[in-house]
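J.: Just so it is clear, I am handing over protein-v7.cif, which has mmCIF, C-alpha atoms.
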```cif
data_start
loop_
_atom_site.label_atom_id
_atom_site.label_comp_id
_atom_site.auth_asym_id
_atom_site.auth_seq_id
_atom_site.Cartn_x
_atom_site.Cartn_y
_atom_site.Cartn_z
CA MET A 712 12.78 -27.13 35.42
CA PHE A 713 13.92 -24.70 32.74
CA ILE A 714 10.39 -23.38 32.28
CA SER A 715 10.25 -22.27 35.91
CA PHE A 716 12.86 -19.59 35.15
CA ILE A 717 10.70 -18.07 32.39
CA HIS A 718 8.36 -15.40 33.70
CA LEU A 719 5.99 -14.32 30.93
CA ARG A 720 3.71 -11.50 31.97
CA VAL A 721 0.77 -10.01 30.14
CA LEU A 722 2.83 -6.86 29.62
CA ASP A 723 5.56 -8.95 27.96
CA VAL A 724 3.04 -10.32 25.47
CA LEU A 725 1.77 -6.80 24.85
CA ASP A 726 5.34 -5.59 24.40
CA ILE A 727 6.05 -8.25 21.77
CA PHE A 728 2.78 -7.50 19.98
CA LEU A 729 3.46 -3.76 19.84
CA VAL A 730 7.00 -4.27 18.51
CA ALA A 731 5.68 -6.65 15.82
CA LEU A 732 2.99 -4.13 14.90
CA LEU A 733 5.56 -1.34 14.71
CA PHE A 734 7.79 -3.36 12.38
CA TYR A 735 4.80 -4.29 10.23
CA GLN A 736 3.73 -0.66 9.86
CA LEU A 737 7.33 0.29 9.10
CA TYR A 738 7.44 -2.37 6.38
CA ARG A 739 4.18 -1.05 4.87
CA LEU A 740 5.62 2.44 4.72
CA ILE A 741 8.86 1.53 2.96
CA ARG A 742 7.88 -1.50 0.88
CA GLY A 743 8.43 -1.04 -2.82
CA THR A 744 10.83 1.87 -2.32
CA ILE A 745 14.60 2.08 -2.31
CA ALA A 746 14.36 2.92 1.39
CA ILE A 747 13.83 -0.75 2.25
CA ASN A 748 17.30 -1.56 0.86
CA ILE A 749 18.83 1.22 2.95
CA PHE A 750 17.00 -0.02 6.04
CA ALA A 751 18.27 -3.56 5.42
CA GLY A 752 21.83 -2.22 5.18
CA ILE A 753 21.57 -0.25 8.42
CA PHE A 754 19.99 -3.20 10.21
CA SER A 755 22.83 -5.46 9.00
CA VAL A 756 25.40 -3.03 10.41
CA TYR A 757 23.55 -3.03 13.74
CA LEU A 758 23.54 -6.85 13.91
CA PHE A 759 27.25 -6.90 13.04
CA TRP A 760 27.91 -4.40 15.86
CA LEU A 761 26.10 -6.67 18.35
CA LEU A 762 28.22 -9.61 17.19
CA VAL A 763 31.44 -7.59 17.53
CA LYS A 764 30.45 -6.52 21.04
CA ALA A 765 29.72 -10.13 22.00
CA LEU A 766 33.18 -11.16 20.78
CA HIS A 767 34.79 -8.29 22.75
CA MET A 768 36.52 -6.79 19.68
CA GLU A 769 37.01 -3.43 21.36
CA LEU A 770 38.44 -1.31 18.51
CA LEU A 771 35.94 -2.33 15.87
CA SER A 772 33.15 -2.20 18.44
CA SER A 773 34.11 1.37 19.33
CA ILE A 774 34.13 2.47 15.67
CA LEU A 775 30.76 0.87 14.94
CA GLY A 776 29.41 2.23 18.21
CA GLN A 777 30.14 5.77 17.04
CA PHE A 778 28.33 5.03 13.80
CA ILE A 779 25.32 3.65 15.66
CA GLY A 780 25.43 6.65 18.02
CA VAL A 781 24.70 9.09 15.20
CA GLY A 782 22.40 6.60 13.51
CA VAL A 783 19.23 8.38 14.66
CA ILE A 784 20.22 11.58 12.85
CA ALA A 785 21.21 9.56 9.78
CA LEU A 786 17.85 7.78 9.83
CA ILE A 787 15.96 11.07 10.02
CA ILE A 788 17.85 12.36 6.98
CA VAL A 789 17.56 9.17 4.92
CA PHE A 790 13.98 8.34 5.81
CA GLN A 791 12.52 11.84 6.00
CA GLN A 792 9.74 11.06 3.51
CA GLU A 793 8.79 7.83 5.27
CA ILE A 794 8.86 9.51 8.70
CA ARG A 795 6.63 12.26 7.36
CA ARG A 796 4.16 9.69 6.06
CA PHE A 797 4.24 7.84 9.39
CA LEU A 798 3.50 11.02 11.33
CA LEU A 799 0.68 11.91 8.95
CA ILE A 800 -0.88 8.51 9.57
CA LEU A 801 -0.27 8.52 13.32
CA GLY A 802 -1.11 12.10 14.23
CA GLY A 803 -2.84 13.51 11.20
CA ARG A 804 -5.29 16.31 11.69
CA TYR A 805 -8.19 14.13 10.60
CA ARG A 806 -7.48 11.68 13.45
CA MET A 807 -6.98 14.48 15.98
CA ARG A 808 -10.30 15.97 15.01
CA LYS A 809 -12.03 12.64 15.38
CA TRP A 810 -10.57 11.64 18.74
CA PHE A 811 -9.82 14.83 20.62
CA SER A 812 -11.92 17.65 19.21
CA PHE A 813 -14.92 19.16 20.95
CA THR A 814 -17.08 18.25 17.96
CA GLY A 815 -16.05 14.63 18.44
CA PHE A 816 -17.43 14.73 22.00
CA PHE A 817 -20.64 16.66 21.44
CA SER A 818 -21.74 15.81 17.91
CA GLN A 819 -23.82 12.70 17.46
CA ASP A 820 -22.68 11.88 13.94
CA GLU A 821 -20.49 13.17 11.17
CA LYS A 822 -21.75 14.47 7.88
CA GLY A 823 -21.16 11.80 5.27
CA TRP A 824 -21.35 11.55 1.56
CA MET A 825 -24.72 11.40 -0.14
CA SER A 826 -25.09 8.44 -2.48
CA GLU A 827 -26.48 10.77 -5.16
CA LYS A 828 -23.12 12.53 -5.30
CA ILE A 829 -21.36 9.20 -5.76
CA ASP A 830 -23.74 8.40 -8.60
CA GLU A 831 -22.70 11.60 -10.38
CA VAL A 832 -19.03 10.68 -10.03
CA VAL A 833 -19.61 7.14 -11.31
CA ILE A 834 -21.68 8.35 -14.28
CA ALA A 835 -18.91 10.79 -15.23
CA CYS A 836 -16.29 8.03 -14.94
CA GLU A 837 -18.38 5.66 -17.06
CA ASN A 838 -18.87 8.24 -19.82
CA MET A 839 -15.19 9.28 -19.81
CA SER A 840 -14.16 5.63 -19.89
CA LYS A 841 -16.19 5.08 -23.05
CA THR A 842 -14.58 8.07 -24.77
CA LYS A 843 -11.10 7.28 -23.37
CA THR A 844 -10.88 10.65 -21.67
CA GLY A 845 -8.04 10.71 -19.15
CA ALA A 846 -9.12 11.80 -15.68
CA LEU A 847 -7.85 12.03 -12.11
CA ILE A 848 -10.49 12.48 -9.39
CA VAL A 849 -9.62 12.80 -5.69
CA LEU A 850 -12.37 12.15 -3.14
CA ALA A 851 -11.38 13.47 0.27
CA LYS A 852 -12.24 11.59 3.43
CA LYS A 853 -10.78 13.12 6.59
CA SER A 854 -7.28 14.21 5.62
CA GLU A 855 -6.70 17.91 5.14
CA LEU A 856 -6.07 18.55 1.43
CA ASP A 857 -5.69 22.35 1.58
CA ALA A 858 -2.07 22.18 0.39
CA ILE A 859 -3.16 20.17 -2.67
CA VAL A 860 -6.09 22.49 -3.36
CA GLU A 861 -3.75 25.48 -3.40
CA THR A 862 -1.84 24.00 -6.34
CA GLY A 863 -4.90 24.36 -8.59
CA ASP A 864 -7.87 26.62 -9.23
CA THR A 865 -10.65 26.77 -6.63
CA ILE A 866 -14.20 26.61 -8.04
CA ASN A 867 -16.44 25.26 -5.19
CA ALA A 868 -19.02 23.86 -7.60
CA ASP A 869 -21.75 21.29 -7.07
CA ILE A 870 -20.86 17.75 -8.10
CA SER A 871 -22.19 17.09 -11.58
CA SER A 872 -21.25 14.42 -14.10
CA ARG A 873 -21.56 16.90 -16.97
CA LEU A 874 -19.32 19.39 -15.20
CA MET A 875 -16.63 16.79 -14.54
CA GLU A 876 -16.78 15.57 -18.13
CA SER A 877 -16.38 19.12 -19.41
CA ILE A 878 -13.45 19.75 -17.03
CA PHE A 879 -11.53 16.75 -18.37
CA PHE A 880 -12.38 17.46 -22.02
CA LYS A 881 -8.99 17.57 -23.71
CA ASN A 882 -9.46 21.08 -25.13
CA ASN A 883 -10.44 22.51 -21.75
CA PRO A 884 -7.52 24.48 -20.21
CA LEU A 885 -8.45 23.00 -16.79
CA HIS A 886 -8.24 19.34 -17.84
CA ASP A 887 -4.56 18.84 -17.01
CA GLY A 888 -4.34 17.81 -13.36
CA ALA A 889 -6.65 16.42 -10.71
CA VAL A 890 -10.13 17.37 -9.54
CA ILE A 891 -10.44 17.60 -5.75
CA ILE A 892 -13.84 16.75 -4.27
CA MET A 893 -14.26 17.83 -0.64
CA ASP A 894 -17.37 18.36 1.49
CA GLU A 895 -19.56 17.17 -1.40
CA LYS A 896 -18.25 19.96 -3.63
CA ILE A 897 -15.84 20.09 -6.53
CA LYS A 898 -13.39 22.12 -4.51
CA ALA A 899 -10.62 22.66 -7.05
CA VAL A 900 -9.41 21.64 -10.49
CA ARG A 901 -6.03 21.45 -12.26
CA CYS A 902 -4.37 20.34 -9.01
CA THR A 903 -0.93 18.75 -8.79
CA LEU A 904 -0.65 15.50 -6.83
CA PRO A 905 2.52 14.07 -5.28
CA SER A 906 3.97 11.23 -7.33
CA THR A 907 4.81 7.91 -5.71
CA GLU A 908 8.41 6.85 -5.12
CA ASN A 909 7.52 3.17 -5.47
CA ILE A 910 10.20 1.82 -7.81
CA TYR A 911 8.34 -1.47 -8.27
CA LEU A 912 5.23 0.07 -9.81
CA PRO A 913 4.95 -1.44 -13.33
CA ALA A 914 6.28 0.76 -16.13
CA LYS A 915 2.96 0.54 -17.97
CA PHE A 916 1.46 2.97 -15.46
CA GLY A 917 1.77 6.60 -16.50
CA MET A 918 1.93 9.78 -14.46
CA ARG A 919 -1.79 9.72 -13.62
CA HIS A 920 -1.52 6.33 -11.93
CA ARG A 921 1.73 7.26 -10.19
CA ALA A 922 0.13 10.48 -8.92
CA ALA A 923 -2.90 8.55 -7.68
CA VAL A 924 -0.74 6.10 -5.73
CA GLY A 925 1.41 8.93 -4.36
CA MET A 926 -1.68 10.79 -3.16
CA THR A 927 -3.11 7.79 -1.33
CA GLU A 928 0.27 6.98 0.22
CA LYS A 929 0.30 10.37 1.94
CA THR A 930 -3.41 10.85 2.72
CA ASP A 931 -6.51 8.78 3.37
CA ALA A 932 -8.19 10.11 0.21
CA LEU A 933 -9.54 7.95 -2.61
CA VAL A 934 -8.34 8.59 -6.15
CA VAL A 935 -10.14 7.45 -9.29
CA VAL A 936 -8.00 7.19 -12.43
CA ILE A 937 -9.23 6.85 -16.01
CA SER A 938 -6.62 5.82 -18.54
CA GLU A 939 -6.40 7.93 -21.67
CA GLU A 940 -4.98 4.99 -23.63
CA SER A 941 -7.42 2.21 -22.69
CA GLY A 942 -10.28 3.95 -20.90
CA GLU A 943 -9.74 1.59 -17.96
CA ILE A 944 -11.06 2.77 -14.60
CA SER A 945 -8.82 2.27 -11.55
CA LEU A 946 -9.15 3.15 -7.88
CA SER A 947 -6.24 3.89 -5.57
CA THR A 948 -6.51 3.51 -1.78
CA GLU A 949 -3.72 3.41 0.82
CA GLY A 950 -1.03 3.27 -1.84
CA ASP A 951 -2.61 0.34 -3.71
CA LEU A 952 -4.31 0.22 -7.10
CA VAL A 953 -7.45 -1.71 -7.99
CA LEU A 954 -7.48 -2.03 -11.78
CA ASN A 955 -10.10 -2.52 -14.48
CA LEU A 956 -13.16 -1.61 -12.45
CA LYS A 957 -16.61 -1.69 -13.98
CA PRO A 958 -18.87 1.27 -13.10
CA GLU A 959 -20.97 -0.84 -10.72
CA ASN A 960 -17.84 -2.15 -9.01
CA LEU A 961 -16.48 1.38 -8.70
CA LYS A 962 -19.71 2.55 -7.09
CA ASN A 963 -19.69 -0.31 -4.59
CA ARG A 964 -16.06 0.36 -3.67
CA LEU A 965 -16.70 4.07 -3.19
CA LEU A 966 -19.79 3.42 -1.09
CA GLU A 967 -17.80 0.99 1.05
CA GLU A 968 -14.79 3.26 1.48
CA LEU A 969 -16.91 6.33 2.23
CA LYS A 970 -19.09 4.37 4.68
CA LEU A 971 -22.40 5.00 2.96
#
```
Can you turn what I pasted into structure tokens?
T.:
Amino acid sequence: MFISFIHLRVLDVLDIFLVALLFYQLYRLIRGTIAINIFAGIFSVYLFWLLVKALHMELLSSILGQFIGVGVIALIIVFQQEIRRFLLILGGRYRMRKWFSFTGFFSQDEKGWMSEKIDEVVIACENMSKTKTGALIVLAKKSELDAIVETGDTINADISSRLMESIFFKNNPLHDGAVIIMDEKIKAVRCTLPSTENIYLPAKFGMRHRAAVGMTEKTDALVVVISEESGEISLSTEGDLVLNLKPENLKNRLLEELKL
């Protein structure tokens, strides 16, 4: 008898699914940062406000209602970095180009990476790993990295393992910073990457690893890191780190991520 009063439509199921997806994406954006504690605090205040309203405590309900009323502005201020990341993911230029551009309608395929270029990157990483040469290599996918490129020196050189090894040689004035590889070219060197705000990243990771994670949190790029202390090769994607990669594993991961 009770079930007859429940009207569950397909749109209701879709509504629940979209809300769950939204909360999941929100969690992915703020996990590991201090923002998740702030969000928990604000959510607790909101639940308390609902309880106060249900108990008809008018004065306290009015005060909390004013707080909730300006909550949107407060959220924008507190979560400005997370909102920026969300908008980059949702409406980034690389997605707009893919879905709505004229080239997306009329071109049959997109120019991809050549496996020979990946081989050059892997060879350079293998050699630098053996000599414990610290390196930070960004491989662009579809995100626009012009702002990052502008922080360094533009060279527009062909991808070569020997060139990359010479760039990261410790006595080279261009070794400090990241190499940006775009459109199958070494676009720029000595570039500055945004550092992650993840407070739960282990302390053993230095600035290279933190910069790699920060870069992949804000863009869809891949970042290869070589530790100067251990020579260990790591790969960062979507804010995560895959550690202790062998050259053959690195190549397979790059081929998979770059859809070759």
J.: Determine the residue set returned by the PyMOL selection byres ((chain A and resi 868-873) around 7) for the present structure, and present it as number ranges by chain.
T.: A: 828, 831-832, 834-835, 866-867, 874-877, 895-898
J.: For the residues in the current selection, export C-alpha atoms as a CSV table (one decimal), in the coordinates of the input.
T.:
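Printed below is again.csv as written:
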```csv
chain,number,residue,atom,x,y,z
A,828,LYS,CA,-23.1,12.5,-5.3
A,831,GLU,CA,-22.7,11.6,-10.4
A,832,VAL,CA,-19.0,10.7,-10.0
A,834,ILE,CA,-21.7,8.4,-14.3
A,835,ALA,CA,-18.9,10.8,-15.2
A,866,ILE,CA,-14.2,26.6,-8.0
A,867,ASN,CA,-16.4,25.3,-5.2
A,874,LEU,CA,-19.3,19.4,-15.2
A,875,MET,CA,-16.6,16.8,-14.5
A,876,GLU,CA,-16.8,15.6,-18.1
A,877,SER,CA,-16.4,19.1,-19.4
A,895,GLU,CA,-19.6,17.2,-1.4
A,896,LYS,CA,-18.2,20.0,-3.6
A,897,ILE,CA,-15.8,20.1,-6.5
A,898,LYS,CA,-13.4,22.1,-4.5
```
J.: Find the residues of stretch 809-897 of chain A that sit at most 9 Å from stretch 929-950 of chain A; for each, write down the nearest two atoms and how far apart they are in Å, to one decimal. Count only C-alpha atoms. Sort by chain, then by number going up, and give it as a tab-separated table.
T.:
```
residue	atom	partner	partner_atom	distance
A:Cys836	CA	A:Ile937	CA	7.2
A:Glu837	CA	A:Ile944	CA	8.2
A:Met839	CA	A:Gly942	CA	7.3
A:Ser840	CA	A:Gly942	CA	4.3
A:Lys841	CA	A:Gly942	CA	6.4
A:Thr842	CA	A:Gly942	CA	7.1
A:Lys843	CA	A:Gly942	CA	4.2
A:Thr844	CA	A:Glu939	CA	5.2
A:Gly845	CA	A:Glu939	CA	4.1
A:Ala846	CA	A:Ile937	CA	5.0
A:Leu847	CA	A:Val936	CA	4.9
A:Ile848	CA	A:Val935	CA	5.0
A:Val849	CA	A:Val934	CA	4.4
A:Leu850	CA	A:Leu933	CA	5.1
A:Ala851	CA	A:Ala932	CA	4.6
A:Lys852	CA	A:Ala932	CA	5.4
A:Lys853	CA	A:Asp931	CA	6.9
A:Ser854	CA	A:Thr930	CA	5.9
A:Glu855	CA	A:Thr930	CA	8.2
A:Leu856	CA	A:Thr930	CA	8.2
```
J.: Expand the PyMOL selection byres ((chain A and resi 958) around 8) into the individual residues it matches in the shown file, reporting them as a list in words.
T.: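 On the file shown, the PyMOL selection byres ((chain A and resi 958) around 8) covers Val833, Ile834, Cys836, Glu837, Leu956, Lys957, Glu959, Asn960, Leu961 and Lys962 of chain A.
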J.: Of the residues A:Met926, A:Val756, A:Ile829, A:Val781, which is the one nearest to A:Leu965, using all atoms listed in the file?
T.: A:Ile829
J.: Given the file shown, determine the residues that the PyMOL selection byres ((chain A and resi 860) around 12) selects; report them as a list of chain:residue names.
T.: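 Against this file, the PyMOL selection byres ((chain A and resi 860) around 12) returns the residues A:Val849, A:Ala851, A:Glu855, A:Leu856, A:Asp857, A:Ala858, A:Ile859, A:Glu861, A:Thr862, A:Gly863, A:Asp864, A:Thr865, A:Ile866, A:Asn867, A:Gly888, A:Ala889, A:Val890, A:Ile891, A:Ile892, A:Met893, A:Ile897, A:Lys898, A:Ala899, A:Val900, A:Arg901, A:Cys902, A:Thr903, A:Leu904.
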J.: Using atom CA of A:Ser826 and atom CA of A:Leu885 as the two end points, give the distance in Å to one decimal.
T.: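 Straight-line distance from atom CA of A:Ser826 to atom CA of A:Leu885 works out to 26.3 Å.
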J.: Can you work out which one of A:Leu761, A:Met918, A:Asp830, A:Glu908 has the shortest atom-to-atom distance to A:Asn963, counting only C-alpha atoms?
T.: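 Comparing A:Leu761, A:Met918, A:Asp830, A:Glu908 against A:Asn963, the winner is A:Asp830.
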J.: Set the distance at 12 Å and use all atoms listed in the file: which residues neighbour A:Leu758 once local chain neighbours fewer than 5 positions away are removed? I'd like the list as a PyMOL selection string.
T.: chain A and resi 751-753+763-765+772+775-776+779
J.: How many Å lie between atom CA of A:Trp760 and atom CA of A:Leu732, rounded to one decimal?
T.: 24.9 Å
J.: Just to confirm, what's the straight-line distance from atom CA of A:Ser906 to atom CA of A:Leu952 in Å (one decimal)?
T.: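 So the answer is 13.8 Å.
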J.: Output as JSON the centre and edge lengths (Å, one decimal) of the box along x, y and z of the file that holds every listed atom of stretch 905-914 of chain A after adding 5 Å on each side.
T.:
```
{"center_x": 6.4, "center_y": 6.3, "center_z": -10.6, "size_x": 17.7, "size_y": 25.5, "size_z": 21.0}
```
J.: Using all atoms listed in the file for the distances, tell me which of A:Val924, A:Ile749, A:Leu722, A:Leu766 is nearest to A:Pro905.
T.: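 Among A:Val924, A:Ile749, A:Leu722, A:Leu766, it is A:Val924 that comes nearest to A:Pro905.
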J.: N, CA and C atoms are needed for stretch 882-911 of chain A; please write them out as a PDB file, keeping the file's coordinate frame.
T.:
```
ATOM      1  N   ASN A 882      -9.695  19.701 -24.697  1.00  0.00           N
ATOM      2  CA  ASN A 882      -9.460  21.080 -25.130  1.00  0.00           C
ATOM      3  C   ASN A 882      -9.762  22.109 -24.038  1.00  0.00           C
ATOM      4  N   ASN A 883     -10.175  21.615 -22.877  1.00  0.00           N
ATOM      5  CA  ASN A 883     -10.440  22.510 -21.750  1.00  0.00           C
ATOM      6  C   ASN A 883      -9.107  22.842 -21.070  1.00  0.00           C
ATOM      7  N   PRO A 884      -8.802  24.123 -20.853  1.00  0.00           N
ATOM      8  CA  PRO A 884      -7.520  24.480 -20.210  1.00  0.00           C
ATOM      9  C   PRO A 884      -7.389  23.966 -18.781  1.00  0.00           C
ATOM     10  N   LEU A 885      -8.494  23.498 -18.175  1.00  0.00           N
ATOM     11  CA  LEU A 885      -8.450  23.000 -16.790  1.00  0.00           C
ATOM     12  C   LEU A 885      -8.310  21.482 -16.715  1.00  0.00           C
ATOM     13  N   HIS A 886      -8.196  20.805 -17.858  1.00  0.00           N
ATOM     14  CA  HIS A 886      -8.240  19.340 -17.840  1.00  0.00           C
ATOM     15  C   HIS A 886      -6.957  18.707 -17.309  1.00  0.00           C
ATOM     16  N   ASP A 887      -5.855  19.412 -17.382  1.00  0.00           N
ATOM     17  CA  ASP A 887      -4.560  18.840 -17.010  1.00  0.00           C
ATOM     18  C   ASP A 887      -4.361  18.935 -15.499  1.00  0.00           C
ATOM     19  N   GLY A 888      -4.465  17.825 -14.822  1.00  0.00           N
ATOM     20  CA  GLY A 888      -4.340  17.810 -13.360  1.00  0.00           C
ATOM     21  C   GLY A 888      -5.496  17.062 -12.747  1.00  0.00           C
ATOM     22  N   ALA A 889      -5.637  17.184 -11.441  1.00  0.00           N
ATOM     23  CA  ALA A 889      -6.650  16.420 -10.710  1.00  0.00           C
ATOM     24  C   ALA A 889      -7.792  17.328 -10.257  1.00  0.00           C
ATOM     25  N   VAL A 890      -8.967  16.726 -10.157  1.00  0.00           N
ATOM     26  CA  VAL A 890     -10.130  17.370  -9.540  1.00  0.00           C
ATOM     27  C   VAL A 890     -10.181  16.936  -8.087  1.00  0.00           C
ATOM     28  N   ILE A 891     -10.339  17.893  -7.180  1.00  0.00           N
ATOM     29  CA  ILE A 891     -10.440  17.600  -5.750  1.00  0.00           C
ATOM     30  C   ILE A 891     -11.884  17.765  -5.312  1.00  0.00           C
ATOM     31  N   ILE A 892     -12.469  16.698  -4.773  1.00  0.00           N
ATOM     32  CA  ILE A 892     -13.840  16.750  -4.270  1.00  0.00           C
ATOM     33  C   ILE A 892     -13.790  16.666  -2.745  1.00  0.00           C
ATOM     34  N   MET A 893     -14.243  17.743  -2.104  1.00  0.00           N
ATOM     35  CA  MET A 893     -14.260  17.830  -0.640  1.00  0.00           C
ATOM     36  C   MET A 893     -15.608  18.378  -0.198  1.00  0.00           C
ATOM     37  N   ASP A 894     -16.112  17.864   0.922  1.00  0.00           N
ATOM     38  CA  ASP A 894     -17.370  18.360   1.490  1.00  0.00           C
ATOM     39  C   ASP A 894     -18.494  18.378   0.450  1.00  0.00           C
ATOM     40  N   GLU A 895     -18.529  17.319  -0.378  1.00  0.00           N
ATOM     41  CA  GLU A 895     -19.560  17.170  -1.400  1.00  0.00           C
ATOM     42  C   GLU A 895     -19.581  18.326  -2.386  1.00  0.00           C
ATOM     43  N   LYS A 896     -18.420  18.895  -2.635  1.00  0.00           N
ATOM     44  CA  LYS A 896     -18.250  19.960  -3.630  1.00  0.00           C
ATOM     45  C   LYS A 896     -17.021  19.672  -4.480  1.00  0.00           C
ATOM     46  N   ILE A 897     -17.059  20.095  -5.731  1.00  0.00           N
ATOM     47  CA  ILE A 897     -15.840  20.090  -6.530  1.00  0.00           C
ATOM     48  C   ILE A 897     -15.047  21.300  -6.077  1.00  0.00           C
ATOM     49  N   LYS A 898     -14.098  21.038  -5.180  1.00  0.00           N
ATOM     50  CA  LYS A 898     -13.390  22.120  -4.510  1.00  0.00           C
ATOM     51  C   LYS A 898     -12.411  22.830  -5.438  1.00  0.00           C
ATOM     52  N   ALA A 899     -11.647  22.062  -6.213  1.00  0.00           N
ATOM     53  CA  ALA A 899     -10.620  22.660  -7.050  1.00  0.00           C
ATOM     54  C   ALA A 899     -10.334  21.767  -8.255  1.00  0.00           C
ATOM     55  N   VAL A 900      -9.781  22.365  -9.274  1.00  0.00           N
ATOM     56  CA  VAL A 900      -9.410  21.640 -10.490  1.00  0.00           C
ATOM     57  C   VAL A 900      -7.963  21.980 -10.841  1.00  0.00           C
ATOM     58  N   ARG A 901      -7.404  21.233 -11.776  1.00  0.00           N
ATOM     59  CA  ARG A 901      -6.030  21.450 -12.260  1.00  0.00           C
ATOM     60  C   ARG A 901      -5.020  21.385 -11.104  1.00  0.00           C
ATOM     61  N   CYS A 902      -5.248  20.460 -10.180  1.00  0.00           N
ATOM     62  CA  CYS A 902      -4.370  20.340  -9.010  1.00  0.00           C
ATOM     63  C   CYS A 902      -3.238  19.355  -9.284  1.00  0.00           C
ATOM     64  N   THR A 903      -2.107  19.599  -8.655  1.00  0.00           N
ATOM     65  CA  THR A 903      -0.930  18.750  -8.790  1.00  0.00           C
ATOM     66  C   THR A 903      -0.852  17.798  -7.603  1.00  0.00           C
ATOM     67  N   LEU A 904      -0.750  16.505  -7.886  1.00  0.00           N
ATOM     68  CA  LEU A 904      -0.650  15.500  -6.830  1.00  0.00           C
ATOM     69  C   LEU A 904       0.782  15.020  -6.680  1.00  0.00           C
ATOM     70  N   PRO A 905       1.157  14.612  -5.478  1.00  0.00           N
ATOM     71  CA  PRO A 905       2.520  14.070  -5.280  1.00  0.00           C
ATOM     72  C   PRO A 905       2.660  12.719  -5.941  1.00  0.00           C
ATOM     73  N   SER A 906       3.747  12.499  -6.645  1.00  0.00           N
ATOM     74  CA  SER A 906       3.970  11.230  -7.330  1.00  0.00           C
ATOM     75  C   SER A 906       4.590  10.213  -6.371  1.00  0.00           C
ATOM     76  N   THR A 907       4.256   8.956  -6.559  1.00  0.00           N
ATOM     77  CA  THR A 907       4.810   7.910  -5.710  1.00  0.00           C
ATOM     78  C   THR A 907       6.297   7.692  -5.984  1.00  0.00           C
ATOM     79  N   GLU A 908       7.004   7.218  -4.970  1.00  0.00           N
ATOM     80  CA  GLU A 908       8.410   6.850  -5.120  1.00  0.00           C
ATOM     81  C   GLU A 908       8.585   5.345  -5.200  1.00  0.00           C
ATOM     82  N   ASN A 909       7.480   4.627  -5.391  1.00  0.00           N
ATOM     83  CA  ASN A 909       7.520   3.170  -5.470  1.00  0.00           C
ATOM     84  C   ASN A 909       8.213   2.745  -6.764  1.00  0.00           C
ATOM     85  N   ILE A 910       9.417   2.190  -6.637  1.00  0.00           N
ATOM     86  CA  ILE A 910      10.200   1.820  -7.810  1.00  0.00           C
ATOM     87  C   ILE A 910       9.714   0.524  -8.444  1.00  0.00           C
ATOM     88  N   TYR A 911       8.828  -0.191  -7.751  1.00  0.00           N
ATOM     89  CA  TYR A 911       8.340  -1.470  -8.270  1.00  0.00           C
ATOM     90  C   TYR A 911       6.985  -1.339  -8.965  1.00  0.00           C
TER      91      TYR A 911
END
```
